[in-house]
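Right, one structure below, let's go through it.
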Amino acid sequence: MTSEDAPTIEVAGGVDTHQDTHTAAVIDPVGRVLGTEQFPTTSTGYLALLAWMRGFGRLSRVGVEGTGAYGAGLARLLRDEQVEVVEVDRPDRKTRRFQGKSDPIDAIQAAKTALADERTGTPKQRDGRIEALRNLRVARRSAVDQCADTQRQIKALIVTAPEELREQLRGLPVRALIAACANLRPDRTDAAGPATAAKIALRSLARRHQQLTTEIADLDELLDPLVAAINPRLVATNGVGTDVAGQLLVTAGENHDRLRSEAAFAMLCGAAPIPASSGKTNRHRLNRGGDRQANAALYRIVLCRLRWDPRTRAYMERRTKDGLSKKEIIRCLKRYIARELYRIITTNDHERVA
């Protein structure tokens with residue numbers, strides 16, 4: 001390829017992303033490999049990667065693995081440089097069985113996938129309020145999980161504690177139990193004794209629980225106004241609170257226009273039933289894919305509405321008479337709620353502009 005021919009050739013790129021290096025590949029319109037190269041995961045490395053790809057011709061699109069993880073920085077730079085970026089899945093097992101596994105092979109496969117536009121998607125934007133919301137939610141979820149683990153550890157220690165200590169703490173409500181354990185005054189010089197060691201451990205865990213509870217409350221003070229500012233209609237919807245709304249907004253992403261329909265949103269949330277028909281059997285099965293956290297958020301909305309919303313309870317009674325099980329009815333309700341919330345999420349921008 002000469003320098004005179006390069007600008008007239010349309011090429012596609014693929015990138016296999018890792019923590020310290022990215023391996024890039026460039027192919028021509030018929031899938032022939034023009035080159036592979038490795039670059040560091042730095043700003044200079046990203047620019048060198050883009051310049052290297054453009055050196056082969058007019059860059060039409062780039063397929064990147066892991067745009068939400070190791071490839072986030074590269075995807076952000078390519079988007080700023082007006083290069084079309086598509087998210088590509090890892091090669092399936094059959095392909096790897098025949099082709100082998102290496103970084104250049106994966107990069108070439110990513111380029112071919114981008115060129116064919118198969119099994120691709122539009123990556124989420126990582127530079128807006130939704131990304132800020134996601135970061136805060138990561139910290140909150142970690143604190144909630146650790147808080148629950150700490151509480152279980154406290155109760156497990158009480159079960160095996162000496163009888164006097166166990167009688168003092170058993171049966172207390174969670175809040176009173178944490179306060180009682182945090183206020184224990186064990187003799188640290190007698191740490192070799194089982195009773196004293198149990199008190200020291202319980203006090204340490206209880207104070208950790210209190211610290212995590214304070215951390216969660218501090219994060220909630222930031223999340224409540226942020227979620228309400230992003231989409232007030234979503235938070236005001238029946239059964240939707242800050243936590244559920246935040247999860248659905250993160251799942252949809254800042255550039256939620258990449259979701260072309262409410263069916264695509266339902267599939268993303270794992271709420272779209274999967275056809276499972278064969279011969280004379282015509283049925284659908286539960287979708288176990290998608291974002292499971294978003295699916296759990298829809299499930300919490302269903303439970304809330306089944307308890308408090310008369311229309312949802314009437315629907316449950318009607319479908320029960322039709323012979324559907326509770327699981328099947330909940331699956332249907334999650335699909336309907338996904339349709340409702342998709343419209344609220346996607347119409348919010350139009351109303352804000354107007």
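Here's how to read the names in the structure tokens: chain A, B, ... by the order shown, residue numbers from 1 in each chain, ligand numbers from 1 in the order shown.
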
Query raised in the report: Out of region 73-264 of chain A, which residues get strand (DSSP E or B) from DSSP, as a list of chain:residue names?
Result: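 Taking region 73-264 of chain A and keeping strand (DSSP E or B) only, one gets A:Glu84, A:Val85, A:Val86, A:Glu87, A:Val88, A:Thr120, A:Gly121.
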
Would you write out those residues with N, CA and C atoms, as a compact mmCIF listing (two decimals), in the first residue's frame?
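Saved as again00.txt:
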```txt
# COMPACT_ATOMS: atom_id res chain seq x y z
N GLU A 84 -16.40 6.45 14.74
CA GLU A 84 -17.50 5.58 15.18
C GLU A 84 -16.93 4.40 15.96
N VAL A 85 -17.43 4.21 17.17
CA VAL A 85 -16.97 3.13 18.04
C VAL A 85 -18.14 2.18 18.28
N VAL A 86 -17.87 0.88 18.15
CA VAL A 86 -18.89 -0.12 18.46
C VAL A 86 -18.34 -1.07 19.50
N GLU A 87 -19.20 -1.49 20.39
CA GLU A 87 -18.84 -2.49 21.39
C GLU A 87 -18.99 -3.87 20.77
N VAL A 88 -17.96 -4.69 20.89
CA VAL A 88 -17.99 -6.05 20.34
C VAL A 88 -17.85 -7.06 21.47
N THR A 120 -22.81 -6.44 17.71
CA THR A 120 -22.21 -5.19 18.14
C THR A 120 -23.25 -4.33 18.84
N GLY A 121 -22.78 -3.33 19.55
CA GLY A 121 -23.67 -2.39 20.21
C GLY A 121 -23.00 -1.05 20.34
```

Requested in this report: Using only C-alpha atoms, determine which residues lie at most 9 Å from Gly246 (chain A), disregarding the query and same-chain residues fewer than 6 positions distant; provide the list as number ranges by chain.
Outcome: A: 130, 133-134, 137, 223, 227, 235

May I have the residues from that selection written out with N, CA and C atoms, as a tab-separated table (two decimals), in the first residue's frame?
```tsv
chain	number	residue	atom	x	y	z
A	130	ILE	N	-24.92	10.65	34.48
A	130	ILE	CA	-25.17	9.23	34.71
A	130	ILE	C	-23.90	8.53	35.17
A	133	LEU	N	-23.48	9.34	38.71
A	133	LEU	CA	-24.43	8.52	39.47
A	133	LEU	C	-23.91	7.09	39.62
A	134	ARG	N	-23.35	6.53	38.57
A	134	ARG	CA	-22.83	5.17	38.63
A	134	ARG	C	-21.70	5.05	39.65
A	137	ARG	N	-23.10	5.09	43.13
A	137	ARG	CA	-23.82	3.86	43.41
A	137	ARG	C	-22.86	2.69	43.66
A	223	LEU	N	-27.10	11.16	46.47
A	223	LEU	CA	-27.82	10.45	45.41
A	223	LEU	C	-29.25	10.95	45.25
A	227	VAL	N	-30.43	12.02	41.45
A	227	VAL	CA	-31.39	11.22	40.67
A	227	VAL	C	-32.63	12.04	40.35
A	235	VAL	N	-38.54	9.22	39.35
A	235	VAL	CA	-38.58	9.06	40.80
A	235	VAL	C	-40.01	9.15	41.32
```

Query raised in the report: Can you list, as a list in words, every protein, DNA or RNA residue that comes within 7 Å of region 12-16 of chain A when you count only C-alpha atoms, leaving out same-chain residues fewer than 3 positions away?
Result: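 Using only C-alpha atoms, the neighbours found are His22, Thr23, Ala24, Ala25, Val26, Ile27, Asp28, Met53, Leu59, Ser60, Arg61, Val62, Gly63, Val64, Glu65, Asp103, Asp106, Ala107, Ile108, Ala110, Ala111 and Leu115 of chain A.
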
Report task. Quick one: everything within 8 Å of Gln151 (chain A), counting only C-alpha atoms, minus sequence neighbours fewer than 4 positions away in the same chain. Send it as a PyMOL selection string. Result -> chain A and resi 147+155+205-206+209

Report task. Figure out the distance between CA of Ala75 (chain A) and CA of Lys124 (chain A), please, to one decimal in Å. Result -> 9.4 Å

Query raised in the report: Which is closest to Leu157 (chain A) among A:Cys304, A:Leu169, A:Val138, A:Val144, if we use only C-alpha atoms?
Result: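 Ranked by minimum distance to Leu157 (chain A), first place goes to A:Leu169.
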
**Report entry** Among the residues A:Arg140, A:Glu221, A:Arg203, A:Thr36, the one that comes closest to Ser102 (chain A) [using only C-alpha atoms]
**Finding:**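 Residue with the minimum atom-to-atom distance to Ser102 (chain A): A:Thr36.
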